[in-house]
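Chemist: Contents of work_27.cif (mmCIF, C-alpha atoms):
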```cif
data_entry
#
loop_
_atom_site.group_PDB
_atom_site.id
_atom_site.type_symbol
_atom_site.label_atom_id
_atom_site.label_comp_id
_atom_site.auth_asym_id
_atom_site.auth_seq_id
_atom_site.Cartn_x
_atom_site.Cartn_y
_atom_site.Cartn_z
ATOM 1 C CA MET A 1 102.221 49.916 85.241
ATOM 2 C CA ALA A 2 103.982 52.974 86.603
ATOM 3 C CA THR A 3 107.258 52.286 88.344
ATOM 4 C CA GLY A 4 107.502 55.439 90.462
ATOM 5 C CA VAL A 5 110.471 56.557 88.352
ATOM 6 C CA VAL A 6 110.394 60.268 87.578
ATOM 7 C CA PRO A 7 109.439 60.614 83.906
ATOM 8 C CA LYS A 8 111.305 62.813 81.438
ATOM 9 C CA GLN A 9 109.933 66.362 81.574
ATOM 10 C CA LEU A 10 108.950 68.244 78.450
ATOM 11 C CA SER A 11 107.521 71.724 78.031
ATOM 12 C CA ILE A 12 103.818 71.712 77.218
ATOM 13 C CA GLN A 13 104.696 72.571 73.606
ATOM 14 C CA GLY A 14 107.171 69.661 73.453
ATOM 15 C CA PHE A 15 104.508 67.380 74.935
ATOM 16 C CA ILE A 16 101.999 68.471 72.270
ATOM 17 C CA SER A 17 104.608 67.915 69.535
ATOM 18 C CA GLU A 18 105.071 64.340 70.775
ATOM 19 C CA LEU A 19 101.290 63.733 70.879
ATOM 20 C CA HIS A 20 101.034 64.891 67.259
ATOM 21 C CA LYS A 21 103.452 62.112 66.227
ATOM 22 C CA PHE A 22 101.142 59.319 67.375
ATOM 23 C CA PRO A 23 99.156 57.559 64.621
ATOM 24 C CA GLU A 24 95.378 57.304 64.847
ATOM 25 C CA GLN A 25 95.649 53.669 66.005
ATOM 26 C CA ALA A 26 97.454 54.756 69.204
ATOM 27 C CA PHE A 27 94.279 56.493 70.378
ATOM 28 C CA VAL A 28 92.059 53.421 69.824
ATOM 29 C CA ARG A 29 93.497 51.373 72.708
ATOM 30 C CA THR A 30 94.850 52.786 75.960
ATOM 31 C CA GLY A 31 98.281 51.112 76.237
ATOM 32 C CA GLU A 32 100.464 53.194 73.921
ATOM 33 C CA ILE A 33 99.426 56.651 75.201
ATOM 34 C CA LEU A 34 99.564 55.426 78.823
ATOM 35 C CA ALA A 35 103.140 54.186 78.263
ATOM 36 C CA PHE A 36 103.990 57.619 76.834
ATOM 37 C CA LEU A 37 102.576 59.320 79.967
ATOM 38 C CA GLU A 38 104.519 56.931 82.224
ATOM 39 C CA ARG A 39 107.829 57.998 80.649
ATOM 40 C CA THR A 40 106.958 61.665 79.876
ATOM 41 C CA SER A 41 105.573 64.459 82.021
ATOM 42 C CA VAL A 42 104.962 68.163 81.501
ATOM 43 C CA ALA A 43 107.170 70.716 83.237
ATOM 44 C CA PRO A 44 104.678 72.480 85.560
ATOM 45 C CA GLU A 45 106.034 75.990 84.936
ATOM 46 C CA THR A 46 105.228 75.701 81.203
ATOM 47 C CA LEU A 47 101.519 75.212 81.983
ATOM 48 C CA SER A 48 100.991 78.691 83.484
ATOM 49 C CA PRO A 49 99.304 80.220 80.369
ATOM 50 C CA TYR A 50 96.635 77.494 80.612
ATOM 51 C CA LEU A 51 95.928 77.535 84.346
ATOM 52 C CA ASN A 52 92.795 79.239 85.611
ATOM 53 C CA TRP A 53 91.439 78.791 89.135
ATOM 54 C CA ASP A 54 87.930 79.159 90.557
ATOM 55 C CA ARG A 55 87.135 78.696 94.251
ATOM 56 C CA GLN A 56 83.609 77.456 93.394
ATOM 57 C CA HIS A 57 84.332 74.806 90.748
ATOM 58 C CA TYR A 58 87.217 73.109 88.994
ATOM 59 C CA THR A 59 88.095 74.670 85.632
ATOM 60 C CA ARG A 60 88.473 73.022 82.197
ATOM 61 C CA ASN A 61 91.175 74.694 80.105
ATOM 62 C CA LEU A 62 91.626 73.580 76.489
ATOM 63 C CA ILE A 63 95.290 73.421 75.451
ATOM 64 C CA ASP A 64 95.212 71.524 72.137
ATOM 65 C CA LYS A 65 92.523 69.976 69.939
ATOM 66 C CA THR A 66 92.763 67.842 66.796
ATOM 67 C CA PRO A 67 90.288 65.453 65.141
ATOM 68 C CA LEU A 68 91.993 62.626 67.129
ATOM 69 C CA TYR A 69 92.138 64.111 70.605
ATOM 70 C CA GLU A 70 91.799 67.107 72.870
ATOM 71 C CA LEU A 71 94.214 68.018 75.662
ATOM 72 C CA ILE A 72 92.718 69.798 78.675
ATOM 73 C CA ALA A 73 94.278 71.110 81.896
ATOM 74 C CA ILE A 74 91.851 70.844 84.791
ATOM 75 C CA CYS A 75 92.608 73.025 87.830
ATOM 76 C CA TRP A 76 91.438 71.711 91.205
ATOM 77 C CA GLU A 77 91.271 73.709 94.414
ATOM 78 C CA VAL A 78 91.477 71.714 97.658
ATOM 79 C CA GLY A 79 88.232 69.800 98.215
ATOM 80 C CA GLN A 80 86.924 70.058 94.650
ATOM 81 C CA ALA A 81 85.625 66.996 92.802
ATOM 82 C CA SER A 82 83.994 66.166 89.514
ATOM 83 C CA SER A 83 80.621 64.509 89.263
ATOM 84 C CA VAL A 84 80.646 60.779 88.643
ATOM 85 C CA HIS A 85 80.645 60.652 84.834
ATOM 86 C CA ASN A 86 81.465 58.769 81.639
ATOM 87 C CA HIS A 87 83.273 59.886 78.476
ATOM 88 C CA ARG A 88 80.754 58.969 75.796
ATOM 89 C CA ASP A 89 82.685 55.827 74.742
ATOM 90 C CA GLN A 90 85.892 57.816 74.172
ATOM 91 C CA ASN A 91 89.260 56.938 75.691
ATOM 92 C CA CYS A 92 90.802 59.112 78.391
ATOM 93 C CA TRP A 93 94.293 59.347 79.832
ATOM 94 C CA MET A 94 95.153 61.501 82.849
ATOM 95 C CA SER A 95 98.297 62.714 84.544
ATOM 96 C CA ALA A 96 98.884 65.169 87.387
ATOM 97 C CA PRO A 97 101.964 67.330 86.814
ATOM 98 C CA ILE A 98 101.003 69.484 89.828
ATOM 99 C CA GLY A 99 99.772 67.968 93.104
ATOM 100 C CA ARG A 100 97.956 64.670 93.369
ATOM 101 C CA LEU A 101 94.369 63.504 92.907
ATOM 102 C CA GLN A 102 92.197 60.480 93.543
ATOM 103 C CA VAL A 103 90.346 58.716 90.748
ATOM 104 C CA GLU A 104 87.319 56.791 92.036
ATOM 105 C CA ASN A 105 86.112 54.135 89.573
ATOM 106 C CA PHE A 106 82.651 52.584 89.319
ATOM 107 C CA HIS A 107 80.994 49.663 87.556
ATOM 108 C CA LEU A 108 77.809 50.605 85.717
ATOM 109 C CA VAL A 109 75.262 47.940 86.680
ATOM 110 C CA SER A 110 72.364 49.548 84.792
ATOM 111 C CA GLN A 111 71.495 52.798 83.047
ATOM 112 C CA ASP A 112 68.302 54.275 81.623
ATOM 113 C CA VAL A 113 69.179 57.827 80.585
ATOM 114 C CA ASP A 114 65.692 58.475 79.147
ATOM 115 C CA HIS A 115 64.172 57.901 82.583
ATOM 116 C CA GLY A 116 67.145 59.268 84.544
ATOM 117 C CA ARG A 117 67.894 56.054 86.425
ATOM 118 C CA SER A 118 71.146 54.193 86.994
ATOM 119 C CA GLN A 119 72.835 51.809 89.359
ATOM 120 C CA LEU A 120 76.572 51.889 90.111
ATOM 121 C CA THR A 121 78.914 49.943 92.353
ATOM 122 C CA PRO A 122 82.331 51.333 93.399
ATOM 123 C CA THR A 123 85.286 49.288 92.122
ATOM 124 C CA ASP A 124 88.545 50.952 93.192
ATOM 125 C CA THR A 125 90.304 54.229 93.917
ATOM 126 C CA VAL A 126 93.747 55.102 92.574
ATOM 127 C CA GLU A 127 96.036 58.021 93.310
ATOM 128 C CA MET A 128 97.219 60.024 90.305
ATOM 129 C CA ASN A 129 100.413 62.075 90.685
ATOM 130 C CA SER A 130 103.492 63.113 88.705
ATOM 131 C CA THR A 131 104.852 59.545 88.571
ATOM 132 C CA HIS A 132 101.547 57.695 88.336
ATOM 133 C CA PRO A 133 99.329 58.611 85.355
ATOM 134 C CA CYS A 134 96.273 56.522 84.556
ATOM 135 C CA ALA A 135 93.905 55.583 81.763
ATOM 136 C CA VAL A 136 90.164 55.209 82.144
ATOM 137 C CA ASN A 137 89.234 51.554 81.699
ATOM 138 C CA PRO A 138 87.135 51.331 78.494
ATOM 139 C CA ALA A 139 85.238 48.342 79.951
ATOM 140 C CA ASP A 140 84.281 50.306 83.112
ATOM 141 C CA PRO A 141 84.641 53.991 82.164
ATOM 142 C CA VAL A 142 82.504 55.603 84.882
ATOM 143 C CA HIS A 143 84.598 57.545 87.414
ATOM 144 C CA ARG A 144 85.053 60.719 89.435
ATOM 145 C CA VAL A 145 88.200 62.784 90.108
ATOM 146 C CA VAL A 146 88.682 64.235 93.598
ATOM 147 C CA ASN A 147 91.178 66.589 95.237
ATOM 148 C CA PRO A 148 90.565 65.505 98.848
ATOM 149 C CA ASN A 149 90.803 68.041 101.659
ATOM 150 C CA ASN A 150 93.441 65.928 103.388
ATOM 151 C CA PHE A 151 95.800 66.280 100.381
ATOM 152 C CA GLY A 152 95.941 69.970 101.328
ATOM 153 C CA GLU A 153 97.103 71.473 98.028
ATOM 154 C CA ARG A 154 95.899 72.630 94.637
ATOM 155 C CA ALA A 155 96.322 70.174 91.780
ATOM 156 C CA VAL A 156 96.360 70.259 87.996
ATOM 157 C CA SER A 157 95.505 67.243 85.878
ATOM 158 C CA LEU A 158 96.084 66.894 82.166
ATOM 159 C CA HIS A 159 93.398 64.934 80.331
ATOM 160 C CA ILE A 160 93.763 63.529 76.832
ATOM 161 C CA TYR A 161 90.365 62.589 75.381
ATOM 162 C CA SER A 162 90.134 60.620 72.165
ATOM 163 C CA ARG A 163 88.075 61.687 70.370
ATOM 164 C CA PRO A 164 86.835 65.097 71.468
ATOM 165 C CA PHE A 165 83.278 65.123 72.860
ATOM 166 C CA ASP A 166 81.037 67.890 74.192
ATOM 167 C CA SER A 167 78.597 66.096 76.492
ATOM 168 C CA CYS A 168 78.646 63.231 78.953
ATOM 169 C CA VAL A 169 76.392 61.297 81.297
ATOM 170 C CA VAL A 170 76.664 62.225 84.986
ATOM 171 C CA TYR A 171 75.522 59.916 87.773
ATOM 172 C CA SER A 172 74.465 60.162 91.384
ATOM 173 C CA PRO A 173 75.438 56.809 92.929
ATOM 174 C CA GLU A 174 73.649 57.782 96.154
ATOM 175 C CA GLN A 175 70.317 58.596 94.471
ATOM 176 C CA GLY A 176 70.504 56.132 91.561
ATOM 177 C CA THR A 177 69.975 58.890 89.000
ATOM 178 C CA CYS A 178 71.736 59.954 85.795
ATOM 179 C CA GLY A 179 71.437 62.538 83.042
ATOM 180 C CA VAL A 180 73.259 64.105 80.110
ATOM 181 C CA ILE A 181 75.135 67.382 80.588
ATOM 182 C CA LYS A 182 76.838 69.675 78.080
ATOM 183 C CA LEU A 183 80.550 70.282 78.649
ATOM 184 C CA HIS A 184 82.163 73.729 78.512
ATOM 185 C CA TYR A 185 85.681 75.111 78.543
ATOM 186 C CA THR A 186 86.746 77.791 81.024
ATOM 187 C CA THR A 187 89.559 78.870 78.712
ATOM 188 C CA MET A 188 90.594 77.909 75.179
ATOM 189 C CA PHE A 189 94.248 78.105 74.152
ATOM 190 C CA GLY A 190 94.999 80.404 77.090
ATOM 191 C CA LYS A 191 92.110 82.845 76.531
ATOM 192 C CA PRO A 192 88.661 83.010 78.215
ATOM 193 C CA ALA A 193 86.145 80.800 76.434
#
```
The structure given in the file should be rewritten as structure tokens.

Modeler:
Amino acid sequence: MATGVVPKQLSIQGFISELHKFPEQAFVRTGEILAFLERTSVAPETLSPYLNWDRQHYTRNLIDKTPLYELIAICWEVGQASSVHNHRDQNCWMSAPIGRLQVENFHLVSQDVDHGRSQLTPTDTVEMNSTHPCAVNPADPVHRVVNPNNFGERAVSLHIYSRPFDSCVVYSPEQGTCGVIKLHYTTMFGKPA
């Protein structure tokens, strides 16, 4: 659990170098990478080549990709939110080196993707910020990330996905529907995708 202690800051390149040192097993469970994020953060100024903003929708900016994981910077304007979604049975760790965000978690009661039906119940909401990273719970991986209007500032979250995936299931808790969507990058390695 995060202690609120300011983690050691690395440049984004230093952060990537540390991620490359982790063995494959570290990406199977969530504890080891989460502990790394609790003691290590990315210096915000080193992220500038990977930050891209859009007033209409959050942006997904690929920073690093290996067979074990992909590292993405997501840029959130005030009021932007993701859909409620899963990660295709892959692990996910998130930190917010710039601003703060809310992660709203859900329990998947039922799902029938072929017929586009699902049932979710909210479980909890946690705040993610520079001293409080989080990992998606593999037992209940459905969630949404929100930059609420009342937070009043842009935010950037770093997401480590193990293993990389290019589609996910999105849900509408209000309508009880779900469906598969294809994922896209806004930028890749600092250049337009």

Chemist: Just so the selection is clear, what residues does the PyMOL selection byres ((chain A and resi 111-127) around 6) cover here, as a VMD selection string?

Modeler: chain A and resid 101 to 110 128 173 176 to 179

Chemist: Calculated over all atoms listed in the file, which of the candidates A:Thr66, A:Gln56, A:Asn86, A:Ser130 has the smallest distance to A:Leu158?

Modeler: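 Comparing A:Thr66, A:Gln56, A:Asn86, A:Ser130 against A:Leu158, the winner is A:Ser130.
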
Chemist: Using only C-alpha atoms, can you list as a PyMOL selection string the residues within 6 Å of (100.3, 59.5, 81.7)?

Modeler: chain A and resi 34+37-38+94-95+133-134

Chemist: Which residues, protein or nucleic acid, reach to within 7 Å of (91.2, 70.1, 88.9) in the file's coordinates when using all atoms listed in the file, and can you give that as a short mmCIF file (atom, residue, chain, number, x, y, z; two decimals) with C-alpha atoms, in the frame of the given file?

Modeler:
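For reference, part.cif as written:
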```cif
data_model
loop_
_atom_site.label_atom_id
_atom_site.label_comp_id
_atom_site.auth_asym_id
_atom_site.auth_seq_id
_atom_site.Cartn_x
_atom_site.Cartn_y
_atom_site.Cartn_z
CA TYR A 58 87.22 73.11 88.99
CA THR A 59 88.10 74.67 85.63
CA ILE A 74 91.85 70.84 84.79
CA CYS A 75 92.61 73.03 87.83
CA TRP A 76 91.44 71.71 91.20
CA GLU A 77 91.27 73.71 94.41
CA ALA A 155 96.32 70.17 91.78
CA VAL A 156 96.36 70.26 88.00
CA SER A 157 95.50 67.24 85.88
#
```

Chemist: With all atoms listed in the file as the counted atoms, please give the residues lying no more than 6 Å from A:Trp93, apart from itself and same-chain residues fewer than 3 positions off, as a PyMOL selection string.

Modeler: chain A and resi 134-135+159-160

Chemist: Running the PyMOL selection byres ((chain A and resi 167) around 8) on this model by hand, what would come out? Give it as a list in words.

Modeler: Arg88, Phe165, Asp166, Cys168, Val169, Val180, Ile181, Lys182 and Leu183 of chain A

Chemist: With distances taken over all atoms listed in the file, which residue among A:Pro23, A:Pro44, A:Gly99, A:Gly190 lies nearest A:Asn61?

Modeler: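 Using all atoms listed in the file, the shortest distance to A:Asn61 belongs to A:Gly190.
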
Chemist: Since the input lacks some atoms of stretch 125-150 of chain A, please model N, CA and C atoms and print them as a compact mmCIF listing (two decimals), in the frame of the given file.

Modeler:
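Result went into result25.txt, see below:
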```
# COMPACT_ATOMS: atom_id res chain seq x y z
N THR A 125 89.83 52.85 93.91
CA THR A 125 90.30 54.23 93.92
C THR A 125 91.81 54.20 93.73
N VAL A 126 92.31 55.03 92.81
CA VAL A 126 93.75 55.10 92.57
C VAL A 126 94.21 56.54 92.76
N GLU A 127 95.46 56.69 93.19
CA GLU A 127 96.04 58.02 93.31
C GLU A 127 96.79 58.34 92.03
N MET A 128 96.53 59.54 91.50
CA MET A 128 97.22 60.02 90.30
C MET A 128 98.15 61.13 90.77
N ASN A 129 99.44 61.05 90.35
CA ASN A 129 100.41 62.08 90.68
C ASN A 129 101.45 62.16 89.56
N SER A 130 102.53 62.87 89.79
CA SER A 130 103.49 63.11 88.70
C SER A 130 104.19 61.85 88.21
N THR A 131 104.22 60.79 89.02
CA THR A 131 104.85 59.54 88.57
C THR A 131 103.84 58.43 88.34
N HIS A 132 102.57 58.73 88.51
CA HIS A 132 101.55 57.70 88.34
C HIS A 132 100.36 58.23 87.54
N PRO A 133 100.48 58.25 86.19
CA PRO A 133 99.33 58.61 85.36
C PRO A 133 98.35 57.44 85.30
N CYS A 134 97.22 57.63 84.70
CA CYS A 134 96.27 56.52 84.56
C CYS A 134 95.44 56.69 83.29
N ALA A 135 94.84 55.59 82.89
CA ALA A 135 93.90 55.58 81.76
C ALA A 135 92.57 55.10 82.29
N VAL A 136 91.50 55.68 81.79
CA VAL A 136 90.16 55.21 82.14
C VAL A 136 89.95 53.86 81.46
N ASN A 137 89.47 52.90 82.22
CA ASN A 137 89.23 51.55 81.70
C ASN A 137 88.04 51.59 80.73
N PRO A 138 88.26 51.28 79.44
CA PRO A 138 87.14 51.33 78.49
C PRO A 138 85.98 50.38 78.85
N ALA A 139 86.29 49.30 79.57
CA ALA A 139 85.24 48.34 79.95
C ALA A 139 84.40 48.86 81.12
N ASP A 140 84.97 49.71 81.97
CA ASP A 140 84.28 50.31 83.11
C ASP A 140 84.67 51.78 83.20
N PRO A 141 84.15 52.62 82.29
CA PRO A 141 84.64 53.99 82.16
C PRO A 141 84.05 55.03 83.12
N VAL A 142 83.15 54.63 84.00
CA VAL A 142 82.50 55.60 84.88
C VAL A 142 83.42 55.88 86.08
N HIS A 143 83.66 57.17 86.36
CA HIS A 143 84.60 57.54 87.41
C HIS A 143 84.33 58.97 87.90
N ARG A 144 85.07 59.35 88.92
CA ARG A 144 85.05 60.72 89.44
C ARG A 144 86.50 61.04 89.84
N VAL A 145 86.89 62.32 89.68
CA VAL A 145 88.20 62.78 90.11
C VAL A 145 88.00 63.70 91.31
N VAL A 146 88.85 63.52 92.34
CA VAL A 146 88.68 64.24 93.60
C VAL A 146 90.03 64.79 94.05
N ASN A 147 90.03 66.03 94.54
CA ASN A 147 91.18 66.59 95.24
C ASN A 147 90.79 66.66 96.72
N PRO A 148 91.05 65.58 97.46
CA PRO A 148 90.56 65.50 98.85
C PRO A 148 91.14 66.61 99.73
N ASN A 149 90.35 67.02 100.71
CA ASN A 149 90.80 68.04 101.66
C ASN A 149 92.11 67.64 102.34
N ASN A 150 92.25 66.35 102.66
CA ASN A 150 93.44 65.93 103.39
C ASN A 150 94.71 65.98 102.54
```
